[in-house]
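A.B. asks: File follows, my_file.cif with mmCIF, C-alpha atoms and all ligand atoms:
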data_structure
loop_
_atom_site.label_atom_id
_atom_site.label_comp_id
_atom_site.auth_asym_id
_atom_site.auth_seq_id
_atom_site.Cartn_x
_atom_site.Cartn_y
_atom_site.Cartn_z
CA GLN A 1 0.00 0.00 0.00
CA GLY A 2 1.63 3.20 -1.07
CA ALA A 3 4.03 4.11 1.65
CA GLY A 4 5.51 7.00 -0.20
CA GLY A 5 3.62 9.74 1.58
CA GLY A 6 6.42 10.50 3.99
CA ARG A 7 6.15 13.80 5.80
CA GLY A 8 7.41 12.78 9.16
CA ALA A 9 9.62 15.66 10.24
CA GLY A 10 8.62 16.87 13.67
CA CYS A 11 5.59 14.65 14.02
CA GLY A 12 6.98 11.40 15.34
CA VAL A 13 7.32 9.51 12.11
CA SER A 14 10.09 9.50 9.58
CA ARG A 15 10.19 7.74 6.30
CA MET A 16 13.36 6.56 4.72
CA PRO A 17 14.04 5.54 1.16
CA GLY A 18 13.54 1.86 0.41
CA GLY A 19 16.15 -0.65 1.40
CA GLY A 20 17.48 -1.01 -2.09
CA VAL A 21 15.36 -3.83 -3.43
CA GLN A 22 13.49 -2.49 -6.40
CA GLY A 23 11.27 -5.08 -8.02
CA ALA A 24 9.61 -4.77 -11.38
CA ARG A 25 6.32 -2.84 -11.16
CA CYS A 26 3.36 -5.09 -10.88
CA ARG A 27 0.12 -4.94 -8.95
CA LEU A 28 -0.90 -7.72 -6.63
CA PRO A 29 -3.64 -7.54 -4.02
CA PHE A 30 -1.54 -8.32 -1.00
CA ARG A 31 1.45 -6.91 0.75
CA LEU A 32 2.89 -7.09 4.20
CA VAL A 33 2.47 -3.71 5.73
CA LEU A 34 0.47 -0.54 5.54
CA ASN A 35 1.07 3.14 5.46
CA LEU A 36 0.11 4.87 8.66
CA PRO A 37 -0.60 8.56 8.98
CA ALA A 38 2.45 10.71 9.44
CA GLN A 39 0.94 12.32 12.55
CA LEU A 40 1.21 9.06 14.44
CA SER A 41 3.16 9.22 17.68
CA SER A 42 3.01 7.77 21.16
CA LYS A 43 1.99 11.16 22.59
CA GLU A 44 -1.04 11.47 20.40
CA GLY A 45 -2.15 7.85 20.42
CA ALA A 46 -4.93 6.49 18.27
CA LYS A 47 -7.06 9.62 18.71
CA GLY A 48 -4.45 11.86 17.12
CA LEU A 49 -4.16 10.17 13.76
CA GLY A 50 -5.37 13.15 11.79
CA GLU A 51 -5.66 13.05 8.02
CA PRO A 52 -4.17 9.98 6.35
CA PRO A 53 -1.25 10.68 4.02
CA ALA A 54 -1.56 10.19 0.29
CA THR A 55 -1.40 6.62 -0.98
CA LEU A 56 0.91 5.57 -3.77
CA PRO A 57 1.61 2.34 -5.64
CA THR A 58 4.27 0.25 -3.90
CA VAL A 59 7.62 0.05 -5.63
CA GLY A 60 10.14 -2.31 -4.06
CA THR A 61 10.30 -1.99 -0.28
CA ASN A 62 9.62 0.98 2.00
CA LEU A 63 10.70 1.62 5.58
CA THR A 64 8.73 3.74 8.03
CA ASP A 65 9.68 4.43 11.64
CA LEU A 66 6.89 4.75 14.21
CA LEU A 67 7.35 6.06 17.73
CA LEU A 68 5.08 4.02 19.97
CA GLN A 69 6.31 2.72 23.34
CA ARG A 70 9.60 2.45 21.50
CA LYS A 71 10.74 3.05 17.99
CA ILE A 72 9.51 0.38 15.65
CA THR A 73 10.31 0.05 11.99
CA ILE A 74 7.63 -1.00 9.56
CA ARG A 75 8.87 -2.54 6.35
CA GLU A 76 6.47 -2.64 3.46
CA LEU A 77 7.07 -5.41 0.95
CA GLY A 78 5.11 -5.31 -2.28
CA GLY A 79 3.02 -8.28 -3.32
CA CYS A 80 5.25 -8.93 -6.32
CA MET A 81 8.17 -9.44 -3.92
CA GLY A 82 6.50 -12.52 -2.41
CA PRO A 83 9.36 -14.85 -3.37
CA ILE A 84 11.80 -12.91 -1.16
CA TRP A 85 9.46 -12.15 1.79
CA PRO A 86 10.95 -15.07 3.76
CA SER A 87 14.34 -13.38 3.87
CA TYR A 88 12.77 -10.79 6.22
CA TYR A 89 10.90 -13.21 8.51
CA GLY A 90 13.77 -13.64 10.99
CA ASP A 91 13.70 -9.97 11.95
CA CYS A 92 9.95 -9.62 12.35
CA SER A 93 7.94 -8.93 15.54
CA ALA A 94 4.49 -8.58 14.00
CA VAL A 95 2.96 -9.06 10.58
CA LEU A 96 0.42 -6.82 8.87
CA PHE A 97 -0.92 -8.67 5.85
CA MET A 98 -2.84 -6.32 3.60
CA ILE A 99 -5.38 -7.58 1.10
CA ASP A 100 -7.13 -5.56 -1.59
CA ALA A 101 -10.78 -6.14 -0.70
CA ALA A 102 -11.87 -4.51 -3.94
CA ASN A 103 -10.14 -7.04 -6.17
CA PRO A 104 -12.08 -10.32 -6.34
CA THR A 105 -9.91 -11.71 -9.14
CA GLN A 106 -6.91 -12.02 -6.84
CA VAL A 107 -8.51 -13.67 -3.82
CA ALA A 108 -7.00 -17.08 -4.64
CA SER A 109 -3.43 -15.83 -4.98
CA SER A 110 -3.78 -13.72 -1.82
CA CYS A 111 -5.02 -16.75 0.05
CA ILE A 112 -2.08 -18.88 -1.08
CA GLN A 113 0.34 -16.16 -0.03
CA LEU A 114 -1.35 -15.91 3.36
CA LEU A 115 -1.18 -19.67 3.91
CA SER A 116 2.48 -19.71 3.00
CA LEU A 117 3.17 -16.92 5.47
CA LEU A 118 1.21 -18.55 8.29
CA SER A 119 3.01 -21.85 7.82
CA ALA A 120 6.49 -20.30 8.00
CA GLU A 121 8.38 -21.65 11.04
CA GLN A 122 10.10 -18.32 11.63
CA LEU A 123 6.72 -16.61 12.03
CA ALA A 124 5.20 -19.25 14.29
CA SER A 125 5.10 -16.97 17.35
CA VAL A 126 4.44 -13.71 15.53
CA SER A 127 0.96 -12.17 15.73
CA VAL A 128 -0.70 -11.45 12.42
CA LEU A 129 -3.15 -8.69 11.56
CA ILE A 130 -4.99 -9.11 8.28
CA LEU A 131 -6.17 -5.85 6.76
CA PHE A 132 -8.93 -5.88 4.20
CA ASN A 133 -8.13 -2.60 2.52
CA LYS A 134 -9.80 -0.22 0.06
CA ILE A 135 -13.20 -0.34 1.68
CA ASP A 136 -13.75 3.22 0.49
CA LEU A 137 -14.32 1.83 -3.02
CA PRO A 138 -17.95 1.12 -3.97
CA CYS A 139 -17.17 -2.42 -5.16
CA TYR A 140 -15.31 -3.63 -2.08
CA MET A 141 -16.11 -7.03 -0.55
CA SER A 142 -17.38 -6.92 3.02
CA LEU A 143 -15.62 -8.61 5.91
CA VAL A 144 -18.26 -11.35 5.88
CA GLU A 145 -17.70 -12.00 2.17
CA MET A 146 -13.92 -11.96 2.48
CA LYS A 147 -13.97 -14.32 5.47
CA SER A 148 -16.15 -16.69 3.50
CA LEU A 149 -14.06 -16.52 0.30
CA PHE A 150 -10.83 -17.13 2.22
CA ARG A 151 -12.43 -19.76 4.49
CA MET A 152 -10.93 -17.70 7.24
CA GLN A 153 -12.45 -19.75 10.03
CA ASP A 154 -10.49 -22.81 8.87
CA ILE A 155 -7.32 -20.79 8.35
CA VAL A 156 -7.48 -19.20 11.79
CA SER A 157 -8.22 -22.46 13.57
CA CYS A 158 -5.19 -24.13 11.94
CA ALA A 159 -2.80 -21.19 12.30
CA MET A 160 0.00 -21.28 14.86
CA GLN A 161 -0.29 -17.53 15.27
CA SER A 162 -2.86 -15.25 16.79
CA VAL A 163 -4.74 -13.86 13.76
CA THR A 164 -6.85 -10.71 13.86
CA MET A 165 -8.79 -9.07 11.03
CA VAL A 166 -9.75 -5.49 10.34
CA GLU A 167 -11.28 -3.52 7.49
CA THR A 168 -9.32 -0.46 6.42
CA SER A 169 -9.01 2.29 3.89
CA ALA A 170 -5.54 3.71 3.56
CA ARG A 171 -7.22 6.36 1.40
CA ASP A 172 -9.62 7.80 3.97
CA GLY A 173 -8.09 6.44 7.18
CA THR A 174 -10.89 4.04 8.17
CA GLY A 175 -9.65 1.36 10.55
CA LEU A 176 -6.22 2.88 11.09
CA PRO A 177 -6.85 3.59 14.81
CA ASP A 178 -7.64 -0.13 15.21
CA VAL A 179 -4.39 -1.01 13.48
CA LEU A 180 -2.47 1.27 15.80
CA GLN A 181 -4.14 -0.20 18.88
CA TRP A 182 -3.37 -3.72 17.68
CA LEU A 183 0.27 -2.78 17.11
CA GLN A 184 0.60 -1.21 20.55
CA ALA A 185 -1.03 -4.17 22.31
CA THR A 186 0.98 -6.71 20.32
CA LEU A 187 4.32 -5.06 20.90
CA ARG A 188 3.53 -4.58 24.61
CA ASP A 189 2.89 -8.29 24.99
CA PRO A 190 5.92 -9.88 26.73
CA SER A 191 5.65 -12.92 24.45
CA CYS A 192 6.19 -10.72 21.38
CA PRO A 193 9.54 -11.68 19.82
N1 LIG B 201 -9.25 3.79 -3.14
C1 LIG B 201 -8.16 3.36 -2.51
N2 LIG B 201 -7.00 3.31 -3.17
C2 LIG B 201 -5.91 2.88 -2.51
C3 LIG B 201 -5.96 2.48 -1.15
N3 LIG B 201 -4.72 2.09 -0.78
C4 LIG B 201 -3.95 2.25 -1.87
N4 LIG B 201 -4.65 2.72 -2.92
C5 LIG B 201 -4.18 3.04 -4.27
O1 LIG B 201 -4.29 1.88 -5.06
C6 LIG B 201 -3.32 1.92 -6.08
C7 LIG B 201 -2.59 0.62 -6.15
O2 LIG B 201 -1.93 0.40 -4.94
P1 LIG B 201 -1.88 -1.05 -4.32
O3 LIG B 201 -3.21 -1.68 -4.33
O4 LIG B 201 -1.14 -0.93 -3.03
O5 LIG B 201 -1.03 -1.85 -5.38
P2 LIG B 201 0.51 -1.69 -5.67
O6 LIG B 201 1.10 -0.77 -4.66
O7 LIG B 201 0.67 -1.34 -7.09
O8 LIG B 201 1.06 -3.14 -5.46
P3 LIG B 201 1.24 -3.93 -4.07
O9 LIG B 201 1.18 -2.95 -2.95
O10 LIG B 201 2.54 -4.61 -4.20
O11 LIG B 201 0.10 -4.89 -4.05
C8 LIG B 201 -2.37 3.09 -5.77
O12 LIG B 201 -2.68 4.16 -6.62
C9 LIG B 201 -2.72 3.44 -4.34
O13 LIG B 201 -2.57 4.83 -4.09
C10 LIG B 201 -7.22 2.55 -0.46
O14 LIG B 201 -7.38 2.23 0.71
N5 LIG B 201 -8.27 3.00 -1.20
MG MG B 202 0.88 -1.02 -2.64
#
Could you write out this file's structure as structure tokens?

C.D. replies:
Amino acid sequence: QGAGGGRGAGCGVSRMPGGGVQGARCRLPFRLVLNLPAQLSSKEGAKGLGEPPATLPTVGTNLTDLLLQRKITIRELGGCMGPIWPSYYGDCSAVLFMIDAANPTQVASSCIQLLSLLSAEQLASVSVLILFNKIDLPCYMSLVEMKSLFRMQDIVSCAMQSVTMVETSARDGTGLPDVLQWLQATLRDPSCP
């Protein structure tokens, strides 16, 4: 999800250029992280999110620092980088798996990618938040529809991880306070790696 809207100076968030991996441009309905509003900081909490930043197509990988209880770095990996996602698993404390809820043609490939991620040994003790994004679009699929299409009940009951789901719009900011609360609670948990 376009993480290029960096305007972090003085507001608790800084964005850095990508880590050097620049994949070919392609659009897939899933990726690992999201863009959070630049106003995000531990002082302001979920109530101070303000206007969401602009969204942009994902190119390669993007890094964003958030100041919560401590500094955390969010790495966004584009869907087309799926083959090299595992190289980042070892350094991961939480996973945000973002799905394009307005793209029914890619549900199957998103589901396969999700299953592969959930079955990775290195992520066995890492909590996972699934974001059904783009719910601002008129054609988006509801949470009930997405859960049914993904057979989410089966996936969650077989997963080693704690799996949570939320509907979001990176465009208008819907659901982002929930994402922030989940991140804070997850990272506060002593069992978080
Ligand atoms: N309407 C709407 N558009 C969004 C939202 N999030 C991102 N976009 C836009 O959707 C377009 C495609 O972005 P993505 O769906 O992230 O696809 P991509 O970045 O090309 O590829 P991946 O992130 O690797 O899947 C871009 O122009 C984004 O700005 C959203 O919540 N709502
Ligand atoms: Mg993207």

A.B. asks: Using only C-alpha atoms and all ligand atoms, which residue out of A:Gln122, A:Asn62, A:Gln113, A:Thr105 lies closest to ligand MG 202 (chain B)?

C.D. replies: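 Closest candidate: A:Asn62.
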
A.B. asks: Show me the residues close to (-8.4, -19.4, 0.7) - anything with an atom within 10 Å, counting all atoms listed in the file - and format the list as a PyMOL selection string.

C.D. replies: chain A and resi 107-115+146-152+154-155

A.B. asks: Would you work out the distance separating atom O4 of ligand LIG 201 (chain B) from CA of Ser127 (chain A), expressed in Å to one decimal?

C.D. replies: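 So the answer is 22.0 Å.
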
A.B. asks: Please report, as AutoDock Vina command-line options, the centre and edge lengths in Å to one decimal of an axis-aligned box covering all listed atoms of region 66-76 of chain A with 3 Å per side.

C.D. replies:
--center_x 7.9 --center_y 1.7 --center_z 13.4 --size_x 11.7 --size_y 14.7 --size_z 25.9

A.B. asks: So that I can check the surroundings of region 157-174 of chain A, please list as a PyMOL selection string every protein, DNA and RNA residue that reaches within 9 Å of it, counting only C-alpha atoms and ignoring chain neighbours fewer than 4 positions away.

C.D. replies: chain A and resi 1-2+34-37+49-55+101+115+118-119+123-137+142-143+152-153+178-179+182

A.B. asks: Restricting the output to C-alpha atoms, write the selected residues as a short mmCIF file (atom, residue, chain, number, x, y, z; two decimals), in the coordinates of the input.

C.D. replies:
data_model
loop_
_atom_site.label_atom_id
_atom_site.label_comp_id
_atom_site.auth_asym_id
_atom_site.auth_seq_id
_atom_site.Cartn_x
_atom_site.Cartn_y
_atom_site.Cartn_z
CA GLN A 1 0.00 0.00 0.00
CA GLY A 2 1.63 3.20 -1.07
CA LEU A 34 0.47 -0.54 5.54
CA ASN A 35 1.07 3.14 5.46
CA LEU A 36 0.11 4.87 8.66
CA PRO A 37 -0.60 8.56 8.98
CA LEU A 49 -4.16 10.17 13.76
CA GLY A 50 -5.37 13.15 11.79
CA GLU A 51 -5.66 13.05 8.02
CA PRO A 52 -4.17 9.98 6.35
CA PRO A 53 -1.25 10.68 4.02
CA ALA A 54 -1.56 10.19 0.29
CA THR A 55 -1.40 6.62 -0.98
CA ALA A 101 -10.78 -6.14 -0.70
CA LEU A 115 -1.18 -19.67 3.91
CA LEU A 118 1.21 -18.55 8.29
CA SER A 119 3.01 -21.85 7.82
CA LEU A 123 6.72 -16.61 12.03
CA ALA A 124 5.20 -19.25 14.29
CA SER A 125 5.10 -16.97 17.35
CA VAL A 126 4.44 -13.71 15.53
CA SER A 127 0.96 -12.17 15.73
CA VAL A 128 -0.70 -11.45 12.42
CA LEU A 129 -3.15 -8.69 11.56
CA ILE A 130 -4.99 -9.11 8.28
CA LEU A 131 -6.17 -5.85 6.76
CA PHE A 132 -8.93 -5.88 4.20
CA ASN A 133 -8.13 -2.60 2.52
CA LYS A 134 -9.80 -0.22 0.06
CA ILE A 135 -13.20 -0.34 1.68
CA ASP A 136 -13.75 3.22 0.49
CA LEU A 137 -14.32 1.83 -3.02
CA SER A 142 -17.38 -6.92 3.02
CA LEU A 143 -15.62 -8.61 5.91
CA MET A 152 -10.93 -17.70 7.24
CA GLN A 153 -12.45 -19.75 10.03
CA ASP A 178 -7.64 -0.13 15.21
CA VAL A 179 -4.39 -1.01 13.48
CA TRP A 182 -3.37 -3.72 17.68
#

A.B. asks: Quick one: distance from atom O4 of ligand LIG 201 (chain B) to CA of Pro138 (chain A) in Å, one decimal?

C.D. replies: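 Distance between the two atoms: 17.0 Å.
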
A.B. asks: Using all atoms listed in the file, find the one residue out of A:Ile99, A:Ile74, A:Met141, A:Cys92 that sits nearest to ligand LIG 201 (chain B).

C.D. replies: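 Ranked by minimum distance to ligand LIG 201 (chain B), first place goes to A:Ile99.
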
A.B. asks: List as a list in words the protein and nucleic acid residues near region 187-190 of chain A, meaning an atom at most 9 Å away when only C-alpha atoms are counted, but skip any in the same chain fewer than 5 places from it.

C.D. replies: Gln69, Ser93, Ala94 and Trp182 of chain A

A.B. asks: With distances taken over all atoms listed in the file, which residue among A:Gly60, A:Gly78, A:Pro104, A:Pro83 lies nearest ligand LIG 201 (chain B)?

C.D. replies: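 Among the listed residues, the smallest separation from ligand LIG 201 (chain B) belongs to A:Gly78.
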
A.B. asks: Quick one: distance from CA of Gln106 (chain A) to atom O10 of ligand LIG 201 (chain B) in Å, one decimal?

C.D. replies: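 So the two atoms, CA of Gln106 (chain A) and atom O10 of ligand LIG 201 (chain B), lie 12.3 Å apart.
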
A.B. asks: Pick out the closest residue to Arg70 (chain A) from this set: A:Thr58, A:Gln184, A:Ser87, A:Asn103. Count only C-alpha atoms.

C.D. replies: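 Among the listed residues, the smallest separation from Arg70 (chain A) belongs to A:Gln184.
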
A.B. asks: Would you mind telling me which residue in A:Gly90, A:Leu56, A:Trp85, A:Val95 lies nearest to Thr186 (chain A) when using only C-alpha atoms?

C.D. replies: A:Val95
